Amino acid sequence: MTTSAPILIRPIKNDDDLAVALARFDELFGIPDDHPDHDEYLILADLIAAYEHRAHRLPTITGRELLAYLIEINGLTQGQVPEIGAQSVVSAVLSGKRQLNLRQVRALCQRFKLSPEALV
């Protein structure tokens with residue numbers, strides 16, 4: 001049985017603490033499972049993931065907002081999204097008056113390489 005040195009880990013409360021934790025994590029990256037510092041590596045991974053999830057959470061957007069963003073960044077007009085239908089149908093979806101149906105979701109996901117969950 002391998003004994004390990006005490007693990008000196010501190011909570012990650014801010015981005016400075018995160019930088020310290022990431023530096024140590026990088027030092028430990030790739031160590032074998034039976035290495036005495038492997039537990040520290042695993043604990044750091046959990047702490048880093050928890051902090052990043054808590055402090056740097058991605059904003060959630062609706063499928064309608066994502067669709068509007070995709071149209072904008074691709075320089076499209078509402079008439080250039082035939083996967084949904086005519087311009088008036090696209091306008092109704094973007095304004096929230098209509099919902100996308102399954103056929104439209106599938107076609108948009110194929111065109112823009114998305115997971116269906118992104119638009120639902």
# chains A, B, ... in the order shown; residues from 1 in each chain; ligands from 1
>>> residues_around(residues="A:Arg10", least_positions_apart="5", cutoff="10 Å", atoms="only C-alpha atoms", output="list of chain:residue names")
A:Asp17, A:Val20, A:Ala21, A:Leu44, A:Leu47
>>> closest_residue(among="A:Lys97, A:Arg24, A:Lys113, A:Arg106", to="A:Leu8", atoms="only C-alpha atoms")
A:Arg24
>>> residues_around(residues="A:Asn101", least_positions_apart="6", cutoff="12 Å", atoms="only C-alpha atoms", output="mmCIF file with N, CA and C atoms, in the first residue's frame")
data_model
loop_
_atom_site.group_PDB
_atom_site.id
_atom_site.type_symbol
_atom_site.label_atom_id
_atom_site.label_comp_id
_atom_site.auth_asym_id
_atom_site.auth_seq_id
_atom_site.Cartn_x
_atom_site.Cartn_y
_atom_site.Cartn_z
ATOM 1 N N GLY A 63 -34.400 28.615 -27.513
ATOM 2 C CA GLY A 63 -34.199 28.185 -28.893
ATOM 3 C C GLY A 63 -34.446 29.313 -29.869
ATOM 4 N N GLU A 83 -35.621 26.103 -43.976
ATOM 5 C CA GLU A 83 -35.882 24.979 -43.075
ATOM 6 C C GLU A 83 -37.117 25.250 -42.209
ATOM 7 N N ILE A 84 -37.409 26.522 -41.984
ATOM 8 C CA ILE A 84 -38.570 26.888 -41.167
ATOM 9 C C ILE A 84 -39.785 27.117 -42.049
ATOM 10 N N GLY A 85 -39.553 27.767 -43.167
ATOM 11 C CA GLY A 85 -40.655 28.065 -44.083
ATOM 12 C C GLY A 85 -40.475 29.453 -44.668
ATOM 13 N N VAL A 89 -43.342 32.906 -41.668
ATOM 14 C CA VAL A 89 -43.279 31.848 -40.647
ATOM 15 C C VAL A 89 -42.047 32.052 -39.770
ATOM 16 N N VAL A 90 -40.921 32.383 -40.383
ATOM 17 C CA VAL A 90 -39.695 32.661 -39.627
ATOM 18 C C VAL A 90 -39.942 33.833 -38.681
ATOM 19 N N VAL A 93 -41.983 32.741 -35.708
ATOM 20 C CA VAL A 93 -41.177 31.954 -34.764
ATOM 21 C C VAL A 93 -40.288 32.884 -33.949
ATOM 22 N N ALA A 107 -34.280 19.929 -39.374
ATOM 23 C CA ALA A 107 -33.640 20.569 -40.528
ATOM 24 C C ALA A 107 -32.646 21.648 -40.081
ATOM 25 N N LEU A 108 -33.022 22.442 -39.082
ATOM 26 C CA LEU A 108 -32.107 23.477 -38.581
ATOM 27 C C LEU A 108 -30.875 22.859 -37.934
ATOM 28 N N PRO A 116 -30.465 18.741 -31.178
ATOM 29 C CA PRO A 116 -31.871 19.187 -31.109
ATOM 30 C C PRO A 116 -32.228 19.893 -29.804
ATOM 31 N N LEU A 119 -32.436 23.800 -29.601
ATOM 32 C CA LEU A 119 -33.556 24.576 -30.142
ATOM 33 C C LEU A 119 -34.882 24.291 -29.444
ATOM 34 N N VAL A 120 -34.901 23.327 -28.571
ATOM 35 C CA VAL A 120 -36.166 22.966 -27.920
ATOM 36 C C VAL A 120 -36.309 23.697 -26.611
#
>>> closest_residue(among="A:Asp26, A:Arg64, A:Gly75, A:His53", to="A:Tyr41", atoms="only C-alpha atoms")
A:Asp26
>>> closest_residue(among="A:Ile9, A:Leu28, A:Thr62, A:Asn14", to="A:Leu100", atoms="only C-alpha atoms")
A:Thr62
>>> atom_distance(atom1="atom CA of A:Leu114", atom2="atom CA of A:Leu67")
10.9 Å
>>> closest_residue(among="A:Ile31, A:Val81, A:Ile61, A:Leu22", to="A:Ala118", atoms="only C-alpha atoms")
A:Ile61
>>> atom_distance(atom1="atom CA of A:Arg57", atom2="atom CA of A:Asp15")
13.6 Å
>>> select_by_dssp(residues="chain A", states="helix (DSSP H, G or I)", output="ChimeraX atom specification")
/A:15-28,38-55,63-73,78-80,87-94,102-112,116-118
>>> write_last_selection(atoms="C-alpha atoms", output="short mmCIF file (atom, residue, chain, number, x, y, z; two decimals), in the first residue's frame")
data_model
loop_
_atom_site.label_atom_id
_atom_site.label_comp_id
_atom_site.auth_asym_id
_atom_site.auth_seq_id
_atom_site.Cartn_x
_atom_site.Cartn_y
_atom_site.Cartn_z
CA ASP A 15 -10.11 33.58 -9.95
CA ASP A 16 -6.76 34.03 -8.15
CA ASP A 17 -7.39 30.83 -6.17
CA LEU A 18 -8.40 29.18 -9.42
CA ALA A 19 -5.08 30.14 -11.04
CA VAL A 20 -3.17 28.54 -8.16
CA ALA A 21 -5.28 25.39 -8.34
CA LEU A 22 -4.87 25.16 -12.11
CA ALA A 23 -1.09 25.53 -11.83
CA ARG A 24 -0.92 22.64 -9.36
CA PHE A 25 -3.36 20.62 -11.46
CA ASP A 26 -1.10 21.11 -14.48
CA GLU A 27 1.89 19.88 -12.43
CA LEU A 28 -0.01 16.72 -11.53
CA HIS A 38 -3.20 11.08 -7.46
CA ASP A 39 -5.87 11.78 -4.81
CA GLU A 40 -4.82 15.43 -4.78
CA TYR A 41 -5.17 15.50 -8.55
CA LEU A 42 -8.71 14.09 -8.36
CA ILE A 43 -9.76 16.50 -5.61
CA LEU A 44 -8.36 19.48 -7.53
CA ALA A 45 -10.24 18.39 -10.64
CA ASP A 46 -13.51 18.35 -8.68
CA LEU A 47 -12.84 21.70 -7.00
CA ILE A 48 -11.87 23.38 -10.28
CA ALA A 49 -14.95 22.02 -12.07
CA ALA A 50 -17.25 23.11 -9.24
CA TYR A 51 -15.79 26.62 -9.14
CA GLU A 52 -15.96 27.08 -12.90
CA HIS A 53 -19.54 25.85 -12.97
CA ARG A 54 -20.48 28.22 -10.16
CA ALA A 55 -18.49 31.31 -11.19
CA GLY A 63 -34.20 28.19 -28.89
CA ARG A 64 -35.75 31.31 -30.39
CA GLU A 65 -32.80 33.43 -29.21
CA LEU A 66 -30.35 30.87 -30.61
CA LEU A 67 -32.14 30.89 -33.94
CA ALA A 68 -32.03 34.70 -34.10
CA TYR A 69 -28.31 34.58 -33.26
CA LEU A 70 -27.61 31.95 -35.95
CA ILE A 71 -29.44 34.04 -38.53
CA GLU A 72 -27.47 37.13 -37.52
CA ILE A 73 -23.96 35.62 -37.40
CA GLN A 78 -35.55 35.62 -42.54
CA GLY A 79 -36.27 34.60 -46.12
CA GLN A 80 -33.01 32.63 -46.26
CA GLN A 87 -40.31 34.64 -44.24
CA SER A 88 -43.62 35.19 -42.45
CA VAL A 89 -43.28 31.85 -40.65
CA VAL A 90 -39.69 32.66 -39.63
CA SER A 91 -40.89 36.03 -38.34
CA ALA A 92 -43.66 34.38 -36.33
CA VAL A 93 -41.18 31.95 -34.76
CA LEU A 94 -38.70 34.71 -33.92
CA LEU A 102 -40.03 18.63 -35.12
CA ARG A 103 -39.33 18.75 -38.86
CA GLN A 104 -38.06 22.32 -38.60
CA VAL A 105 -35.87 21.51 -35.59
CA ARG A 106 -34.31 18.54 -37.39
CA ALA A 107 -33.64 20.57 -40.53
CA LEU A 108 -32.11 23.48 -38.58
CA CYS A 109 -29.94 21.12 -36.54
CA GLN A 110 -28.65 19.50 -39.70
CA ARG A 111 -27.91 22.86 -41.34
CA PHE A 112 -26.22 24.45 -38.33
CA PRO A 116 -31.87 19.19 -31.11
CA GLU A 117 -31.86 20.13 -27.42
CA ALA A 118 -30.38 23.50 -28.37
#
